[in-house]
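This report concerns only the one structure given below.
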Amino acid sequence: MGAQTPNGFSLDASGKRIVVDPVTRIEGHLRVEVNVDENNVIRNAVSTGTMWRGIEVILKGRDPRDAWAFTERICGVCTGTHALTSVRAVENALKIDIPENANTIRNLMQLALQVHDHLVHFYHLHALDWVDVVSALKADPKATSVLAQSISRWPMSSPGYFKDLQTRLGNFVESGQLGPFKNGYWGHPAYKLPPEANLLAVAHYLEALDFQKEIVKIHTIYGGKNPHPNWLVGGVPCSINVDGTGAVGAINIERLNLVSSVIDRTLDFVEQVYLPDVVAIAGFYKDWLYGGGLSSKSVMSYGDIPEHANDYSDKSLLLPRGVILGGNLKEIHEIDLNAPDQIQEFVAHSWYKYPDETIGLHPYDGVTEQNYQLGANAKGSKTNIEALDESAKYSWIKSPRWKGNAVEVGPLARYIIGYAQGKAEFKDPTDKLLTDLGLPLSALFSTLGRTAARALECQWAAQKMRYFQDKLMDSIKAGNLATANVDKWQPSTWPKEARGVGFTEAPRGALGHWIRIKDAKIDNYQCVVPTTWNGSPRDPKGNIGAFEASLLDTPVADPNQPLEIIRTLHSFDPCLACSTHVMSPDGQEMAKVTVR
Amino acid sequence: MIATHSPALPKTLILGIGNILWADEGFGVRAVEAFHRRYAVPESVTVLDGGTQGLYLVQFVREADQLLVFDAIDYGLAPGTVKIVRDDEVPKFTGAKKMSLHQTGFQEVLSAADLLGSYPRRLALVGCQPLDLEDWGGPLTVPVRAALAPALEAALAILDEWGLVVTPRPAGDDGAGLLAHDIDVASFERRAGE
């Protein structure tokens, strides 16, 4: 039986049901259920997320100046992004301006996180959806070297290098130790790369794992430590003392030079390894353009990376801001994060309770009250769900909507908006990539497009790191050393009640924190995170979210090995806020796939 | 003997992993925090709050010759039971007995370090059986809180065996705390217990 959603997708749940639980290689716990037709094409999709318990429970009554330290612990991936969003929310509420240097350093921190996250996501969480590790053992090292040198001038490309690596990998696999490569459907027909491309990608998997430690040195220097760098309401916690030698925490010339060198090496790695790999891999998957889902219809970005301190206008934000609806690239809607009728969260299909579930609540007025119940057509029990009933409540994720519309967020959304705005720094690299691959613009709205946009954005972010590091150096040379504004540090300077919103573009999409402060303590705190937008269940009107939409119409070669589903979900870089997935001594963490 | 010519001391990493926002999930971080509060370590030892950093911890593991990890484990034991796992017992690979709640993460960290060609020479896990992992925002449960002291003792014994001397901090010096900004154990639990 087919049905049409208000946002333009056809659903048919009459075919065989496939359950993937959990989707591995992501942060947190995600489960998806799909129905396939007689040709194993996905005709219905249901995504359900781990519990989002409401950070307000923990933050209520605490000092707003410490909120960042808690939000940094929500998850292991976007630590700094949550912290930045939090200090911006408090500054917005208390009308605190930060010095120009603080804005520049925060941008460097955020861009470094963006680059690091994109690089690690591609090689360590996503590449193995395109790359068959076991096939790499069959590669000819000489031919791999020829391939490597044909796509990049990256020096690690000799036949001997690939031969050694292959031997090491072979020993690893032979001893039964697949290690980081254990959760894979090796030999699956949806893998399209020749063995040499697979070997090249595995080599870069390891090189990226080694190289990523360099990028986080920027966090250690500007954030004082890593993991869990420090942040500060009113600025940044590091002081600048150019001539200082070894003083703990202070930014001296030696540290500035180290950051500069890390940025140069990062740009080299992104431009000579990551980007050429994505282009080369994409070349073998040009006929696999599934997974676009909502991206060709409705996308949203809050924008980020303010050029000027305290200026969060569209003009100042270097990452694009706006909403596109219904695929109309000619109209960019403006976002107001304070408007009660714009961003709203619905719970009609979420395991929470509202007084009236036909309406949505703005985050300032958000409530998070549990209501765990399965629908009448669900199979199994509350502690062991066999199949969900998507006509009832079915996820711990709420359904955020912009003026009632489901939207996709993330790098692809940002690039589509930047493209539609005609901004050359987003449009030109996109056009070049499409031309190089011989693909039309429509190909961008796909799983492949999402993965490619992330790579382009990684390069963009690395270039902007260079820009802001130079800007910081110029500022210091001109004698500007201020990194924090402490005028309103004391709660005695605050109003009795205040509210504010902070936003960023996290690597995986639009992130907002809304705070209410009363008597110098946190009264309410709501985070609406990117994966809430992308992974949301249906809303009261029946609009489906980005994950669900992206899976529709994709053919699955083998329902018992749903590589295609995993590939598309991973392309969003999902992050479900650190769920605890309890394992028994003989627990099995490989995704369990059930076909009914 | 000239000091600069003496062989470098083996590098030791004392690592706590887990999520402090999630009741007993925070055991590893709280244990390393308590360790840091009580003991000063030689320069060759790094004490690290690893949180839920997963694969990002690989560079710290690679640099370590000796690795001591605090973490919540689920061996189906009585809540608060401290269990020590050593070297080859610490399962690295697929099909092995599960080691910790972060195992997918941390197990991958270990094998990634191995694949990159630098694996700690000695490895010990000081684990604790959790009671409650579902209490979002909650403190450590009573039995797991009580396990912190024996866990530290076990760690001291392992470090002693590795030939490392740690010294109790003098009164008044709490090492400035590994965790600050209201997420140290006392501030966190004062609120959570209210």
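Ordered as shown in the structure tokens, chains take letters A, B, and onward, while each chain numbers its residues from 1 and ligands are numbered from 1 in the order shown.
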
Next on the checklist: Run DSSP on the backbone and tell me which residues of region 35-207 of chain A come out as strand (DSSP E or B); list them as an NGL selection string.
Outcome noted: :A and (35-36 or 41-49)

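Using only C-alpha atoms, the protein and nucleic acid residues lying no more than 9 Å from Arg169 (chain B), apart from those fewer than 3 places from it along its own chain, are Arg37, Arg38, Tyr39, Ala40, Gly172, Asp173, Asp174 and Gly175 of chain B.
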
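The nearest approach to Thr104 (chain A) among the residues A:Pro141, A:Pro429, A:Pro306, A:Gly449, with only C-alpha atoms taken into account, belongs to A:Pro306.
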
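When only C-alpha atoms are used to compute distances to chain B, the closest of the residues A:Tyr205, A:Phe572, A:Trp186, A:Tyr354 turns out to be A:Tyr205.
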